[in-house]
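J.: One structure, as C-alpha cells, below. Some questions next.
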Amino acid sequence: MFDVAKISQQVLDPVSQERQWVGRCRLGDETALACLIARHRNRLVRTASNLLRDRHEAEDVAQEAFLKAFREIAKLRDDRAFSGYLYRICVRLCMDRLRLKRAELVEFDSAQPHQGGTVENRVVIEKLLAQLPTELRTTLVLREMEQLSYEEVAEIMRVPVGTVRSRLHTARERFRKLWIEAVGE
Amino acid sequence: MLLLSEREDRDLSAKEVRFLARHREVCPECESQESSMHCSLNMLRAATIDVEPAAHFDERLIRRVKIQRVKESLSYWTPGLIGCAVAAIAIFATLHVLTLNVQKGSVVLPAGEARRGPTAFPSLELSRLPHFDR
C-alpha cells in the first residue's frame, strides 16, 4: 500500500493536490498514479461493497473504475472533476452488474421458490435490496448507507434532484413493505 | 407519507411537526407506517459494509494500469507498423521482380553489343592472314 502522506511532501489543499496529481498522471507519472489510487480506493471499495453486497466483486469493480478513469484521463476537461468522475464510473459499473444479477435472480426465482426460515439481519437486507429495481436500490444505498446529499446522488446518477427525491420516497416505501413481509415471515 | 420520508432527511418545520402530531392522533395507520419505516431504515443503515481494500489492491491495480498502457501504445503504433511492413514487402517484391526481368533480358541482348563468352569473342582466324615469305 502507498502512503499518501509520505509520497506528497508538499502541503497543498486536497483539491490543488489532486489537480496536480491528475496532471502528472496524464504524463505517465507513477507516483501520482499511486497517490490517486491511495486517496480514492477506500471510498470506492466501500461504496461498491454496499451496492453489490460482495467484497470481492466490489474490489473488481473499483479496479475497473480506476482503469477506465485512467484510460480516459486525457479527455478530462477539468482536473478537479476527477474524483466525481471516478465515483460516477464506479456507481455506473455497479449498476450494470446489479442489472445483470437481477436478471439472473429473476430466472433463479422462477425456477426455485423461496424457502422459509430465520436469517441474519445482513442477509435479510441483501435479500430485500435484491428485490428492488437497480435505480431505486442505488438511490437508497447512496443516500442511506453512503450518506450522500440529494445533490450528490443526482450528480452521480445524472438525474435531476426531483427525480432523486421521488425515487428515494418510492424506494423507502417499497423497502419498508418488503421488510414488513420479511419480518412477518 | 411523503412527509414521513422527508423526515428522514431534514428537520421538519414547526408547522410540519404540528401537522404530523395531529395526524398521528387520528390516523393509526400512518403512525404504524412511520414506525415501520424508521425501523426498516435503521436496519438498512446498520447493515452498512465498511471494508478496506485487500493488501495487494494497489500493486495489482498499478500492474493492470501498466499493462493497459502497453496495450494502448501497441494499438496506437500497430497500424503504422503494419503499414511499414506492407510497404517494405511491396518494395522487396518490386525489386525482386525487376531483378528477374534484368536476368531474363540478358539472354536477348540487342545486336552490336559486346558479349562475353565463346560466342561473344570471335576466334582469331590466323589462317586468313596474308602470309609473307621472307
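Labels used: A, B, ... for chains in the order of the C-alpha cells, numbers from 1 for residues in each chain, and numbers from 1 for ligands as shown.
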Name all residues at most 10 Å from A:Arg43 (count only C-alpha atoms; drop same-chain ones fewer than 2 positions away) and give them as a list in words.
T.: Arg39, His40, Arg41, Val45, Arg46, Thr47, Ala48, Ser49, Ala62, Tyr87 and Glu146 of chain A; Asp50, Val51, Glu52 and Pro53 of chain B
J.: Export, as a PDB file, in the first residue's frame, the selected residues with C-alpha atoms.
T.:
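File produced: out.pdb:
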```pdb
ATOM      1  CA  ARG A  39      -6.764   8.608  -1.974  1.00  0.00           C
ATOM      2  CA  HIS A  40      -9.852   7.092  -3.567  1.00  0.00           C
ATOM      3  CA  ARG A  41      -9.574   3.314  -3.097  1.00  0.00           C
ATOM      4  CA  VAL A  45     -14.456  -0.163  -2.445  1.00  0.00           C
ATOM      5  CA  ARG A  46     -16.835   0.736   0.388  1.00  0.00           C
ATOM      6  CA  THR A  47     -19.478   2.156  -1.946  1.00  0.00           C
ATOM      7  CA  ALA A  48     -19.184  -0.763  -4.341  1.00  0.00           C
ATOM      8  CA  SER A  49     -19.435  -3.196  -1.403  1.00  0.00           C
ATOM      9  CA  ALA A  62     -13.270  -0.461  -8.057  1.00  0.00           C
ATOM     10  CA  TYR A  87     -17.017   7.801  -8.367  1.00  0.00           C
ATOM     11  CA  GLU A 146     -23.205   6.361   1.916  1.00  0.00           C
TER      12      GLU A 146
ATOM     13  CA  ASP B  50     -17.255  -0.623   5.838  1.00  0.00           C
ATOM     14  CA  VAL B  51     -14.426  -2.648   4.372  1.00  0.00           C
ATOM     15  CA  GLU B  52     -10.920  -1.699   3.359  1.00  0.00           C
ATOM     16  CA  PRO B  53      -9.394  -2.966   0.143  1.00  0.00           C
TER      17      PRO B  53
END
```
J.: Write out as a ChimeraX atom specification which residues come within 10 Å of A:Leu93 when counting only C-alpha atoms, dropping same-chain ones fewer than 3 positions away.
T.: /A:48,58,61-62,64-65,87-90,96-99
J.: Selected residues, N, CA and C atoms, written as a CSV table (one decimal), in the first residue's frame, please.
T.:
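Generated file (out.csv):
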```csv
chain,number,residue,atom,x,y,z
A,48,ALA,N,-18.9,0.4,-3.5
A,48,ALA,CA,-19.2,-0.8,-4.3
A,48,ALA,C,-19.6,-1.9,-3.5
A,58,ALA,N,-16.8,-6.1,-5.3
A,58,ALA,CA,-16.6,-4.6,-5.2
A,58,ALA,C,-15.2,-4.2,-5.5
A,61,VAL,N,-14.8,-4.2,-9.2
A,61,VAL,CA,-15.4,-3.0,-9.8
A,61,VAL,C,-14.6,-1.8,-9.6
A,62,ALA,N,-14.1,-1.6,-8.4
A,62,ALA,CA,-13.3,-0.5,-8.1
A,62,ALA,C,-12.0,-0.4,-9.0
A,64,GLU,N,-11.8,-1.8,-12.0
A,64,GLU,CA,-12.3,-1.4,-13.3
A,64,GLU,C,-12.5,0.1,-13.4
A,65,ALA,N,-13.1,0.6,-12.4
A,65,ALA,CA,-13.4,2.1,-12.4
A,65,ALA,C,-12.1,2.9,-12.5
A,87,TYR,N,-15.9,8.3,-9.2
A,87,TYR,CA,-17.0,7.8,-8.4
A,87,TYR,C,-18.2,7.5,-9.2
A,88,ARG,N,-18.5,8.3,-10.2
A,88,ARG,CA,-19.6,8.1,-11.1
A,88,ARG,C,-19.4,6.8,-11.9
A,89,ILE,N,-18.2,6.6,-12.4
A,89,ILE,CA,-17.9,5.4,-13.2
A,89,ILE,C,-18.1,4.2,-12.3
A,90,CYS,N,-17.7,4.3,-11.1
A,90,CYS,CA,-17.8,3.1,-10.1
A,90,CYS,C,-19.3,2.8,-9.9
A,96,ASP,N,-24.6,-1.6,-13.6
A,96,ASP,CA,-24.6,-2.6,-14.7
A,96,ASP,C,-24.5,-4.0,-14.1
A,97,ARG,N,-23.7,-4.2,-13.1
A,97,ARG,CA,-23.6,-5.5,-12.5
A,97,ARG,C,-24.9,-5.9,-11.8
A,98,LEU,N,-25.5,-5.0,-11.2
A,98,LEU,CA,-26.8,-5.2,-10.5
A,98,LEU,C,-27.8,-5.6,-11.5
A,99,ARG,N,-27.8,-5.0,-12.6
A,99,ARG,CA,-28.9,-5.3,-13.6
A,99,ARG,C,-28.7,-6.7,-14.1
```
J.: Residues of chain B within 9 Å of chain A, using only C-alpha atoms, as an MDAnalysis selection string?
T.: chainID B and resid 1:2 5:6 9 33 36:41 43:62 64:65 68:69 72
J.: Could you take the residues named above and write them with N, CA and C atoms, as an mmCIF file, in the first residue's frame?
T.:
```cif
data_model
loop_
_atom_site.group_PDB
_atom_site.id
_atom_site.type_symbol
_atom_site.label_atom_id
_atom_site.label_comp_id
_atom_site.auth_asym_id
_atom_site.auth_seq_id
_atom_site.Cartn_x
_atom_site.Cartn_y
_atom_site.Cartn_z
ATOM 1 N N MET B 1 -47.433 10.718 3.798
ATOM 2 C CA MET B 1 -46.405 9.682 3.624
ATOM 3 C C MET B 1 -45.092 10.293 3.135
ATOM 4 N N LEU B 2 -45.211 11.263 2.222
ATOM 5 C CA LEU B 2 -44.028 11.954 1.702
ATOM 6 C C LEU B 2 -43.308 12.690 2.830
ATOM 7 N N SER B 5 -41.230 10.337 4.808
ATOM 8 C CA SER B 5 -39.968 10.029 4.133
ATOM 9 C C SER B 5 -38.991 11.201 4.269
ATOM 10 N N GLU B 6 -39.517 12.398 4.121
ATOM 11 C CA GLU B 6 -38.648 13.583 4.190
ATOM 12 C C GLU B 6 -38.125 13.817 5.602
ATOM 13 N N ASP B 9 -34.671 12.871 6.137
ATOM 14 C CA ASP B 9 -33.593 13.628 5.502
ATOM 15 C C ASP B 9 -33.365 15.010 6.089
ATOM 16 N N GLN B 33 -46.998 3.122 9.975
ATOM 17 C CA GLN B 33 -46.115 3.226 8.808
ATOM 18 C C GLN B 33 -44.834 3.979 9.164
ATOM 19 N N SER B 36 -42.665 1.682 11.220
ATOM 20 C CA SER B 36 -42.033 0.602 10.445
ATOM 21 C C SER B 36 -40.973 1.157 9.493
ATOM 22 N N MET B 37 -41.208 2.348 8.939
ATOM 23 C CA MET B 37 -40.198 2.939 8.049
ATOM 24 C C MET B 37 -38.931 3.256 8.825
ATOM 25 N N HIS B 38 -39.109 3.779 10.017
ATOM 26 C CA HIS B 38 -37.964 4.119 10.855
ATOM 27 C C HIS B 38 -37.147 2.867 11.170
ATOM 28 N N CYS B 39 -37.861 1.796 11.533
ATOM 29 C CA CYS B 39 -37.174 0.541 11.872
ATOM 30 C C CYS B 39 -36.451 -0.041 10.675
ATOM 31 N N SER B 40 -37.156 -0.082 9.538
ATOM 32 C CA SER B 40 -36.543 -0.698 8.347
ATOM 33 C C SER B 40 -35.306 0.082 7.908
ATOM 34 N N LEU B 41 -35.383 1.405 7.963
ATOM 35 C CA LEU B 41 -34.224 2.206 7.545
ATOM 36 C C LEU B 41 -33.066 2.074 8.534
ATOM 37 N N MET B 43 -32.418 -0.630 10.176
ATOM 38 C CA MET B 43 -31.838 -1.943 9.833
ATOM 39 C C MET B 43 -30.914 -1.817 8.630
ATOM 40 N N LEU B 44 -31.389 -1.049 7.663
ATOM 41 C CA LEU B 44 -30.599 -0.856 6.443
ATOM 42 C C LEU B 44 -29.276 -0.164 6.767
ATOM 43 N N ARG B 45 -29.350 0.880 7.572
ATOM 44 C CA ARG B 45 -28.129 1.636 7.933
ATOM 45 C C ARG B 45 -27.174 0.756 8.743
ATOM 46 N N ALA B 46 -27.762 -0.096 9.571
ATOM 47 C CA ALA B 46 -26.922 -0.974 10.394
ATOM 48 C C ALA B 46 -26.190 -2.013 9.552
ATOM 49 N N ALA B 47 -26.732 -2.278 8.374
ATOM 50 C CA ALA B 47 -26.113 -3.300 7.509
ATOM 51 C C ALA B 47 -25.034 -2.708 6.590
ATOM 52 N N THR B 48 -24.656 -1.462 6.852
ATOM 53 C CA THR B 48 -23.618 -0.824 6.027
ATOM 54 C C THR B 48 -22.294 -1.594 6.139
ATOM 55 N N ILE B 49 -21.701 -1.836 5.011
ATOM 56 C CA ILE B 49 -20.407 -2.538 4.996
ATOM 57 C C ILE B 49 -19.315 -1.481 4.944
ATOM 58 N N ASP B 50 -18.373 -1.576 5.858
ATOM 59 C CA ASP B 50 -17.255 -0.623 5.838
ATOM 60 C C ASP B 50 -15.955 -1.413 5.759
ATOM 61 N N VAL B 51 -15.629 -1.811 4.554
ATOM 62 C CA VAL B 51 -14.426 -2.648 4.372
ATOM 63 C C VAL B 51 -13.293 -1.816 3.783
ATOM 64 N N GLU B 52 -12.093 -2.321 3.993
ATOM 65 C CA GLU B 52 -10.920 -1.699 3.359
ATOM 66 C C GLU B 52 -10.458 -2.633 2.264
ATOM 67 N N PRO B 53 -9.845 -2.090 1.227
ATOM 68 C CA PRO B 53 -9.394 -2.966 0.143
ATOM 69 C C PRO B 53 -8.315 -3.943 0.615
ATOM 70 N N ALA B 54 -8.174 -5.027 -0.113
ATOM 71 C CA ALA B 54 -7.174 -6.039 0.237
ATOM 72 C C ALA B 54 -5.766 -5.443 0.147
ATOM 73 N N ALA B 55 -4.818 -6.126 0.794
ATOM 74 C CA ALA B 55 -3.449 -5.592 0.906
ATOM 75 C C ALA B 55 -2.791 -5.322 -0.452
ATOM 76 N N HIS B 56 -3.044 -6.188 -1.416
ATOM 77 C CA HIS B 56 -2.352 -6.050 -2.707
ATOM 78 C C HIS B 56 -3.185 -5.309 -3.749
ATOM 79 N N PHE B 57 -4.170 -4.604 -3.271
ATOM 80 C CA PHE B 57 -5.062 -3.886 -4.194
ATOM 81 C C PHE B 57 -4.277 -2.912 -5.082
ATOM 82 N N ASP B 58 -3.425 -2.101 -4.450
ATOM 83 C CA ASP B 58 -2.680 -1.073 -5.197
ATOM 84 C C ASP B 58 -1.720 -1.693 -6.207
ATOM 85 N N GLU B 59 -0.968 -2.682 -5.736
ATOM 86 C CA GLU B 59 0.039 -3.301 -6.621
ATOM 87 C C GLU B 59 -0.639 -3.918 -7.841
ATOM 88 N N ARG B 60 -1.744 -4.618 -7.550
ATOM 89 C CA ARG B 60 -2.482 -5.281 -8.621
ATOM 90 C C ARG B 60 -3.008 -4.245 -9.626
ATOM 91 N N LEU B 61 -3.520 -3.176 -9.084
ATOM 92 C CA LEU B 61 -4.096 -2.135 -9.940
ATOM 93 C C LEU B 61 -3.011 -1.447 -10.773
ATOM 94 N N ILE B 62 -1.879 -1.137 -10.135
ATOM 95 C CA ILE B 62 -0.802 -0.457 -10.875
ATOM 96 C C ILE B 62 -0.287 -1.363 -11.996
ATOM 97 N N ARG B 64 -2.028 -3.581 -13.550
ATOM 98 C CA ARG B 64 -3.061 -3.563 -14.615
ATOM 99 C C ARG B 64 -3.015 -2.266 -15.425
ATOM 100 N N VAL B 65 -2.730 -1.164 -14.729
ATOM 101 C CA VAL B 65 -2.632 0.122 -15.439
ATOM 102 C C VAL B 65 -1.459 0.081 -16.424
ATOM 103 N N GLN B 68 -2.323 -1.976 -19.337
ATOM 104 C CA GLN B 68 -3.264 -1.207 -20.168
ATOM 105 C C GLN B 68 -2.521 -0.183 -21.023
ATOM 106 N N ARG B 69 -1.523 0.471 -20.415
ATOM 107 C CA ARG B 69 -0.760 1.483 -21.163
ATOM 108 C C ARG B 69 0.027 0.854 -22.314
ATOM 109 N N GLU B 72 -2.366 0.013 -24.992
ATOM 110 C CA GLU B 72 -2.791 1.236 -25.692
ATOM 111 C C GLU B 72 -1.723 1.703 -26.659
#
```
J.: One decimal, Å: what's the distance from atom CA of A:Pro133 over to atom CA of A:Glu152, could you say?
T.: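 Between these atoms lies a distance of 20.2 Å.
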J.: Using DSSP assignments from the backbone, pull out every residue in stretch 24-90 of chain B that falls under alpha helix (DSSP H) and give it to me as an MDAnalysis selection string.
T.: chainID B and resid 24:26 28:46 57:90
J.: Rounded to one decimal place, report the atom CA of A:Leu27-atom CA of A:Ile73 distance in Å.
T.: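 So the answer is 10.1 Å.
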